[in-house]
>>> print(open('model32.cif').read())   # mmCIF, N, CA and C atoms
data_protein
loop_
_atom_site.label_atom_id
_atom_site.label_comp_id
_atom_site.auth_asym_id
_atom_site.auth_seq_id
_atom_site.Cartn_x
_atom_site.Cartn_y
_atom_site.Cartn_z
N MET A 1 -8.82 -16.68 4.12
CA MET A 1 -9.77 -16.04 3.23
C MET A 1 -9.78 -16.84 1.92
N PRO A 2 -10.95 -17.09 1.39
CA PRO A 2 -11.02 -17.83 0.12
C PRO A 2 -10.29 -17.08 -1.00
N ARG A 3 -9.71 -17.85 -1.89
CA ARG A 3 -8.89 -17.29 -2.97
C ARG A 3 -9.68 -16.30 -3.82
N THR A 4 -10.93 -16.63 -4.15
CA THR A 4 -11.74 -15.74 -5.00
C THR A 4 -12.00 -14.41 -4.31
N ALA A 5 -12.33 -14.44 -3.03
CA ALA A 5 -12.58 -13.19 -2.30
C ALA A 5 -11.32 -12.34 -2.25
N PHE A 6 -10.18 -12.98 -2.01
CA PHE A 6 -8.93 -12.24 -1.96
C PHE A 6 -8.64 -11.59 -3.31
N ARG A 7 -8.88 -12.31 -4.39
CA ARG A 7 -8.63 -11.74 -5.72
C ARG A 7 -9.48 -10.50 -5.95
N TRP A 8 -10.73 -10.53 -5.53
CA TRP A 8 -11.60 -9.35 -5.72
C TRP A 8 -11.13 -8.18 -4.87
N ILE A 9 -10.77 -8.45 -3.63
CA ILE A 9 -10.27 -7.38 -2.76
C ILE A 9 -8.97 -6.81 -3.32
N ASN A 10 -8.11 -7.68 -3.80
CA ASN A 10 -6.84 -7.25 -4.39
C ASN A 10 -7.10 -6.39 -5.63
N LEU A 11 -8.08 -6.77 -6.43
CA LEU A 11 -8.43 -5.99 -7.61
C LEU A 11 -8.93 -4.60 -7.21
N VAL A 12 -9.71 -4.52 -6.15
CA VAL A 12 -10.19 -3.22 -5.65
C VAL A 12 -9.00 -2.36 -5.24
N PHE A 13 -8.04 -2.95 -4.53
CA PHE A 13 -6.85 -2.19 -4.15
C PHE A 13 -6.08 -1.73 -5.38
N ALA A 14 -5.94 -2.60 -6.38
CA ALA A 14 -5.24 -2.22 -7.61
C ALA A 14 -5.93 -1.03 -8.27
N LEU A 15 -7.25 -1.06 -8.34
CA LEU A 15 -7.99 0.05 -8.95
C LEU A 15 -7.86 1.33 -8.13
N MET A 16 -7.87 1.19 -6.81
CA MET A 16 -7.70 2.38 -5.95
C MET A 16 -6.30 2.97 -6.13
N PHE A 17 -5.29 2.11 -6.23
CA PHE A 17 -3.93 2.62 -6.44
C PHE A 17 -3.80 3.29 -7.80
N LEU A 18 -4.42 2.71 -8.83
CA LEU A 18 -4.39 3.32 -10.16
C LEU A 18 -5.09 4.68 -10.15
N ALA A 19 -6.24 4.75 -9.49
CA ALA A 19 -6.97 6.02 -9.39
C ALA A 19 -6.15 7.05 -8.62
N SER A 20 -5.51 6.62 -7.56
CA SER A 20 -4.68 7.54 -6.77
C SER A 20 -3.52 8.08 -7.60
N GLY A 21 -2.92 7.22 -8.39
CA GLY A 21 -1.84 7.68 -9.27
C GLY A 21 -2.34 8.65 -10.32
N ALA A 22 -3.52 8.37 -10.88
CA ALA A 22 -4.08 9.25 -11.90
C ALA A 22 -4.44 10.63 -11.33
N LEU A 23 -4.80 10.68 -10.07
CA LEU A 23 -5.18 11.95 -9.45
C LEU A 23 -3.99 12.84 -9.10
N GLN A 24 -2.79 12.37 -9.36
CA GLN A 24 -1.59 13.14 -9.03
C GLN A 24 -1.19 14.13 -10.12
N TYR A 25 -1.98 14.23 -11.18
CA TYR A 25 -1.62 15.10 -12.32
C TYR A 25 -1.41 16.55 -11.91
N ASN A 26 -2.12 17.02 -10.88
CA ASN A 26 -1.97 18.42 -10.49
C ASN A 26 -1.07 18.60 -9.27
N ASP A 27 -0.40 17.56 -8.86
CA ASP A 27 0.51 17.63 -7.72
C ASP A 27 1.81 18.32 -8.16
N PRO A 28 2.47 19.03 -7.26
CA PRO A 28 3.73 19.68 -7.64
C PRO A 28 4.84 18.67 -8.03
N ASP A 29 4.75 17.46 -7.52
CA ASP A 29 5.75 16.43 -7.83
C ASP A 29 5.04 15.13 -8.23
N PRO A 30 4.36 15.12 -9.39
CA PRO A 30 3.52 13.98 -9.73
C PRO A 30 4.28 12.70 -10.08
N LEU A 31 5.46 12.79 -10.62
CA LEU A 31 6.15 11.60 -11.12
C LEU A 31 6.40 10.57 -10.03
N ARG A 32 6.93 11.01 -8.90
CA ARG A 32 7.22 10.04 -7.85
C ARG A 32 5.96 9.41 -7.28
N TRP A 33 4.85 10.17 -7.24
CA TRP A 33 3.60 9.62 -6.73
C TRP A 33 2.97 8.64 -7.73
N VAL A 34 3.05 8.99 -9.00
CA VAL A 34 2.55 8.08 -10.03
C VAL A 34 3.35 6.78 -10.00
N LEU A 35 4.66 6.89 -9.81
CA LEU A 35 5.50 5.69 -9.77
C LEU A 35 5.17 4.80 -8.57
N ILE A 36 4.99 5.37 -7.39
CA ILE A 36 4.74 4.54 -6.21
C ILE A 36 3.35 3.93 -6.28
N TYR A 37 2.34 4.72 -6.68
CA TYR A 37 0.99 4.16 -6.81
C TYR A 37 0.92 3.17 -7.97
N GLY A 38 1.62 3.46 -9.05
CA GLY A 38 1.66 2.52 -10.18
C GLY A 38 2.35 1.23 -9.81
N GLY A 39 3.44 1.33 -9.05
CA GLY A 39 4.12 0.12 -8.58
C GLY A 39 3.24 -0.71 -7.67
N ALA A 40 2.48 -0.05 -6.81
CA ALA A 40 1.56 -0.78 -5.93
C ALA A 40 0.47 -1.47 -6.74
N ALA A 41 -0.07 -0.77 -7.73
CA ALA A 41 -1.09 -1.38 -8.59
C ALA A 41 -0.52 -2.57 -9.35
N ALA A 42 0.70 -2.43 -9.86
CA ALA A 42 1.34 -3.53 -10.59
C ALA A 42 1.55 -4.73 -9.67
N ALA A 43 1.98 -4.48 -8.45
CA ALA A 43 2.18 -5.58 -7.50
C ALA A 43 0.86 -6.31 -7.24
N CYS A 44 -0.23 -5.56 -7.16
CA CYS A 44 -1.55 -6.18 -6.98
C CYS A 44 -1.93 -7.01 -8.19
N LEU A 45 -1.74 -6.45 -9.36
CA LEU A 45 -2.19 -7.11 -10.58
C LEU A 45 -1.39 -8.37 -10.90
N ILE A 46 -0.13 -8.42 -10.52
CA ILE A 46 0.64 -9.63 -10.81
C ILE A 46 0.66 -10.60 -9.64
N SER A 47 -0.04 -10.29 -8.56
CA SER A 47 0.02 -11.15 -7.39
C SER A 47 -0.87 -12.38 -7.51
N SER A 48 -1.86 -12.34 -8.39
CA SER A 48 -2.77 -13.47 -8.49
C SER A 48 -2.10 -14.71 -9.06
N PRO A 49 -1.31 -14.60 -10.13
CA PRO A 49 -0.66 -15.83 -10.61
C PRO A 49 0.33 -16.35 -9.59
N PRO A 50 0.51 -17.65 -9.54
CA PRO A 50 1.45 -18.20 -8.56
C PRO A 50 2.90 -17.79 -8.83
N ALA A 51 3.19 -17.20 -9.97
CA ALA A 51 4.57 -16.85 -10.32
C ALA A 51 5.05 -15.55 -9.67
N LEU A 52 4.23 -14.94 -8.80
CA LEU A 52 4.64 -13.68 -8.17
C LEU A 52 5.94 -13.85 -7.41
N LYS A 53 6.84 -12.99 -7.68
CA LYS A 53 8.08 -12.94 -6.92
C LYS A 53 7.90 -11.97 -5.77
N HIS A 54 8.69 -12.11 -4.76
CA HIS A 54 8.61 -11.22 -3.60
C HIS A 54 9.14 -9.83 -3.92
N GLY A 55 9.91 -9.69 -4.98
CA GLY A 55 10.64 -8.46 -5.25
C GLY A 55 9.81 -7.22 -5.34
N LEU A 56 8.78 -7.21 -6.19
CA LEU A 56 8.02 -5.98 -6.39
C LEU A 56 7.25 -5.56 -5.14
N PRO A 57 6.46 -6.43 -4.50
CA PRO A 57 5.79 -5.97 -3.28
C PRO A 57 6.77 -5.58 -2.18
N LEU A 58 7.88 -6.28 -2.10
CA LEU A 58 8.88 -5.95 -1.09
C LEU A 58 9.49 -4.58 -1.35
N LEU A 59 9.82 -4.31 -2.60
CA LEU A 59 10.39 -3.01 -2.98
C LEU A 59 9.40 -1.88 -2.75
N VAL A 60 8.19 -2.04 -3.27
CA VAL A 60 7.17 -0.98 -3.15
C VAL A 60 6.81 -0.76 -1.69
N GLY A 61 6.64 -1.85 -0.93
CA GLY A 61 6.29 -1.71 0.48
C GLY A 61 7.39 -1.06 1.29
N SER A 62 8.64 -1.43 1.01
CA SER A 62 9.77 -0.85 1.74
C SER A 62 9.93 0.64 1.44
N VAL A 63 9.84 0.99 0.16
CA VAL A 63 9.96 2.40 -0.22
C VAL A 63 8.83 3.21 0.41
N SER A 64 7.62 2.68 0.36
CA SER A 64 6.47 3.38 0.93
C SER A 64 6.62 3.60 2.43
N LEU A 65 7.04 2.56 3.13
CA LEU A 65 7.19 2.66 4.58
C LEU A 65 8.30 3.65 4.95
N LEU A 66 9.44 3.56 4.29
CA LEU A 66 10.53 4.49 4.57
C LEU A 66 10.16 5.93 4.24
N TRP A 67 9.44 6.11 3.15
CA TRP A 67 8.99 7.44 2.75
C TRP A 67 8.03 8.01 3.78
N ALA A 68 7.09 7.18 4.25
CA ALA A 68 6.14 7.63 5.28
C ALA A 68 6.88 8.00 6.56
N LEU A 69 7.86 7.19 6.94
CA LEU A 69 8.65 7.50 8.14
C LEU A 69 9.43 8.79 7.98
N PHE A 70 9.88 9.08 6.76
CA PHE A 70 10.57 10.33 6.48
C PHE A 70 9.63 11.53 6.66
N LEU A 71 8.34 11.36 6.31
CA LEU A 71 7.37 12.45 6.41
C LEU A 71 6.92 12.70 7.85
N LEU A 72 6.96 11.69 8.69
CA LEU A 72 6.43 11.83 10.06
C LEU A 72 7.04 12.98 10.85
N PRO A 73 8.36 13.12 10.91
CA PRO A 73 8.90 14.23 11.70
C PRO A 73 8.49 15.61 11.18
N ARG A 74 8.27 15.70 9.87
CA ARG A 74 7.88 16.99 9.29
C ARG A 74 6.46 17.37 9.68
N MET A 75 5.60 16.39 9.86
CA MET A 75 4.18 16.70 10.08
C MET A 75 3.78 16.68 11.54
N LEU A 76 4.51 15.99 12.39
CA LEU A 76 4.06 15.76 13.76
C LEU A 76 3.85 17.02 14.61
N PRO A 77 4.65 18.04 14.54
CA PRO A 77 4.41 19.18 15.44
C PRO A 77 3.02 19.80 15.31
N ASP A 78 2.47 19.87 14.10
CA ASP A 78 1.19 20.54 13.89
C ASP A 78 0.09 19.58 13.44
N PHE A 79 0.29 18.29 13.59
CA PHE A 79 -0.61 17.31 13.01
C PHE A 79 -1.71 16.88 13.97
N ARG A 80 -2.95 16.85 13.43
CA ARG A 80 -4.11 16.26 14.12
C ARG A 80 -4.81 15.38 13.09
N PHE A 81 -4.98 14.10 13.42
CA PHE A 81 -5.51 13.12 12.48
C PHE A 81 -6.85 13.55 11.89
N GLY A 82 -7.71 14.11 12.69
CA GLY A 82 -9.02 14.54 12.21
C GLY A 82 -8.96 15.61 11.14
N ASP A 83 -7.90 16.39 11.11
CA ASP A 83 -7.75 17.45 10.11
C ASP A 83 -7.60 16.90 8.69
N LEU A 84 -7.19 15.65 8.57
CA LEU A 84 -7.00 15.06 7.24
C LEU A 84 -8.30 15.00 6.44
N PHE A 85 -9.42 14.97 7.13
CA PHE A 85 -10.70 14.74 6.48
C PHE A 85 -11.66 15.92 6.54
N LEU A 86 -11.22 17.05 7.08
CA LEU A 86 -12.11 18.19 7.24
C LEU A 86 -12.43 18.90 5.93
N ALA A 87 -11.45 19.04 5.06
CA ALA A 87 -11.65 19.77 3.81
C ALA A 87 -10.81 19.11 2.72
N MET A 88 -11.24 19.29 1.48
CA MET A 88 -10.49 18.71 0.37
C MET A 88 -9.13 19.39 0.21
N LYS A 89 -9.11 20.69 0.40
CA LYS A 89 -7.85 21.43 0.24
C LYS A 89 -7.05 21.32 1.54
N ALA A 90 -5.78 21.01 1.41
CA ALA A 90 -4.90 20.94 2.58
C ALA A 90 -4.61 22.36 3.04
N GLU A 91 -5.08 22.69 4.22
CA GLU A 91 -4.91 24.04 4.74
C GLU A 91 -3.50 24.31 5.25
N THR A 92 -2.81 23.26 5.67
CA THR A 92 -1.45 23.42 6.19
C THR A 92 -0.55 22.35 5.56
N PRO A 93 0.75 22.59 5.58
CA PRO A 93 1.66 21.54 5.08
C PRO A 93 1.54 20.24 5.89
N ALA A 94 1.25 20.34 7.18
CA ALA A 94 1.11 19.13 8.01
C ALA A 94 -0.02 18.25 7.51
N ILE A 95 -1.12 18.86 7.05
CA ILE A 95 -2.24 18.08 6.50
C ILE A 95 -1.81 17.40 5.21
N GLU A 96 -1.12 18.10 4.36
CA GLU A 96 -0.64 17.52 3.11
C GLU A 96 0.31 16.35 3.38
N TRP A 97 1.26 16.54 4.29
CA TRP A 97 2.21 15.47 4.61
C TRP A 97 1.49 14.31 5.28
N GLY A 98 0.49 14.61 6.11
CA GLY A 98 -0.28 13.56 6.76
C GLY A 98 -1.04 12.71 5.75
N ARG A 99 -1.64 13.35 4.77
CA ARG A 99 -2.35 12.61 3.73
C ARG A 99 -1.38 11.77 2.90
N GLU A 100 -0.24 12.34 2.59
CA GLU A 100 0.76 11.59 1.83
C GLU A 100 1.24 10.38 2.64
N ALA A 101 1.53 10.59 3.93
CA ALA A 101 2.00 9.50 4.78
C ALA A 101 0.93 8.41 4.91
N LEU A 102 -0.33 8.81 5.03
CA LEU A 102 -1.41 7.83 5.14
C LEU A 102 -1.51 6.99 3.87
N GLY A 103 -1.42 7.61 2.72
CA GLY A 103 -1.44 6.87 1.47
C GLY A 103 -0.28 5.89 1.38
N LEU A 104 0.90 6.33 1.80
CA LEU A 104 2.08 5.47 1.77
C LEU A 104 1.94 4.31 2.76
N LEU A 105 1.36 4.56 3.91
CA LEU A 105 1.15 3.50 4.89
C LEU A 105 0.13 2.48 4.40
N ILE A 106 -0.89 2.94 3.67
CA ILE A 106 -1.86 2.02 3.08
C ILE A 106 -1.17 1.12 2.06
N ILE A 107 -0.32 1.72 1.23
CA ILE A 107 0.44 0.93 0.25
C ILE A 107 1.29 -0.10 0.98
N ALA A 108 2.06 0.34 1.98
CA ALA A 108 2.95 -0.57 2.70
C ALA A 108 2.17 -1.70 3.35
N ALA A 109 1.04 -1.38 3.95
CA ALA A 109 0.23 -2.41 4.61
C ALA A 109 -0.27 -3.45 3.60
N TRP A 110 -0.73 -3.00 2.44
CA TRP A 110 -1.23 -3.97 1.46
C TRP A 110 -0.10 -4.78 0.85
N MET A 111 1.07 -4.20 0.71
CA MET A 111 2.21 -4.98 0.20
C MET A 111 2.59 -6.07 1.21
N ILE A 112 2.47 -5.76 2.50
CA ILE A 112 2.72 -6.77 3.53
C ILE A 112 1.70 -7.90 3.41
N VAL A 113 0.43 -7.54 3.17
CA VAL A 113 -0.60 -8.56 2.97
C VAL A 113 -0.24 -9.45 1.79
N LEU A 114 0.18 -8.85 0.68
CA LEU A 114 0.55 -9.64 -0.49
C LEU A 114 1.71 -10.58 -0.18
N LEU A 115 2.70 -10.07 0.53
CA LEU A 115 3.85 -10.91 0.88
C LEU A 115 3.45 -12.05 1.82
N MET A 116 2.62 -11.75 2.79
CA MET A 116 2.17 -12.79 3.72
C MET A 116 1.31 -13.82 3.01
N ARG A 117 0.47 -13.37 2.13
CA ARG A 117 -0.38 -14.28 1.37
C ARG A 117 0.48 -15.20 0.51
N ARG A 118 1.50 -14.64 -0.09
CA ARG A 118 2.40 -15.43 -0.92
C ARG A 118 3.15 -16.45 -0.07
N ARG A 119 3.60 -16.02 1.09
CA ARG A 119 4.34 -16.92 1.98
C ARG A 119 3.45 -18.08 2.45
N ASP A 120 2.19 -17.75 2.78
CA ASP A 120 1.26 -18.79 3.22
C ASP A 120 1.00 -19.80 2.11
N ARG A 121 0.93 -19.33 0.88
CA ARG A 121 0.67 -20.22 -0.24
C ARG A 121 1.88 -21.08 -0.57
N GLN A 122 3.07 -20.62 -0.22
CA GLN A 122 4.29 -21.37 -0.52
C GLN A 122 4.65 -22.37 0.57
N SER A 123 4.15 -22.17 1.79
CA SER A 123 4.53 -23.08 2.87
C SER A 123 3.87 -24.44 2.65
N PRO A 124 4.59 -25.49 2.96
CA PRO A 124 4.03 -26.82 2.74
C PRO A 124 2.84 -27.08 3.65
N ALA A 125 1.90 -27.86 3.13
CA ALA A 125 0.71 -28.19 3.91
C ALA A 125 1.12 -29.12 5.05
N PRO A 126 0.50 -28.95 6.22
CA PRO A 126 0.86 -29.82 7.33
C PRO A 126 0.46 -31.26 7.01
N THR A 127 1.32 -32.16 7.39
CA THR A 127 1.04 -33.57 7.15
C THR A 127 0.51 -34.20 8.42
N LYS A 128 -0.36 -35.15 8.23
CA LYS A 128 -0.93 -35.85 9.38
C LYS A 128 0.06 -36.92 9.83
N GLN A 129 0.23 -37.01 11.11
CA GLN A 129 1.12 -38.03 11.67
C GLN A 129 0.30 -39.29 11.92
N ARG A 130 0.84 -40.38 11.54
CA ARG A 130 0.15 -41.64 11.75
C ARG A 130 0.47 -42.13 13.16
N ALA A 131 -0.56 -42.64 13.79
CA ALA A 131 -0.37 -43.20 15.14
C ALA A 131 0.38 -44.52 15.04
N LEU A 132 1.27 -44.75 15.98
CA LEU A 132 2.02 -46.01 15.98
C LEU A 132 1.31 -47.08 16.68
#
>>> encode(input="model32.cif", output="structure tokens")
Amino acid sequence: MPRTAFRWINLVFALMFLASGALQYNDPDPLRWVLIYGGAAAACLISSPPALKHGLPLLVGSVSLLWALFLLPRMLPDFRFGDLFLAMKAETPAIEWGREALGLLIIAAWMIVLLMRRRDRQSPAPTKQRAL
């Protein structure tokens, strides 16, 4: 993917993560959600310069993935994927946990993209072999 296109897509993800964090003001436990979404946005915003370290995306992605895996057993008995989008209000705890897990999985997936993109940019360019 061209660098400019990736930067725009990454900026969109950063804005979505910031908006998601801002929407947590009425959540019963807003601090942890603001921190994870804020960390994801920060990882996006600092990923464009070549100085990005693996630490922040790795940390945010790992925490998000482990957190989502922690939520899965709680939601699975009563969970139906289609229920996530039927109404704005979560009618059951399973819907709430499903939405939380989906958000965390989106964060983890994008952090993996950032890490892979960074790895690709750091790997040496293939050299052409001269014929003997």
>>> atom_distance(input="model32.cif", atom1="atom CA of Ile112 of chain A", atom2="atom C of Leu58 of chain A")
8.6 Å
>>> resolve_selection(input="model32.cif", expression="the PyMOL selection byres (((chain A and resi 7 and name CA) around 12) and name CA)", output="VMD selection string")
chain A and resid 1 to 6 8 to 14 44 to 49 114 117
>>> residues_around(input="model32.cif", residues="Leu66 of chain A", least_positions_apart="5", cutoff="8 Å", atoms="all atoms listed in the file", output="list of chain:residue names")
A:Val60, A:Gly61, A:Leu71, A:Leu72, A:Leu104, A:Ala108
>>> atom_distance(input="model32.cif", atom1="atom C of Gly21 of chain A", atom2="atom C of Arg74 of chain A")
23.5 Å
>>> atom_distance(input="model32.cif", atom1="atom CA of Leu102 of chain A", atom2="atom N of Ala42 of chain A")
18.3 Å
>>> closest_residue(input="model32.cif", among="A:Ile107, A:Ala43, A:Ala22, A:Leu69", to="Pro57 of chain A", atoms="only C-alpha atoms")
A:Ala43
>>> closest_residue(input="model32.cif", among="A:Leu56, A:Leu76, A:Met116, A:Leu65", to="Gly39 of chain A", atoms="only N, CA and C atoms")
A:Leu56
>>> closest_residue(input="model32.cif", among="A:Phe70, A:Phe17, A:Ala109, A:Asn26", to="Ala41 of chain A", atoms="all atoms listed in the file")
A:Phe17
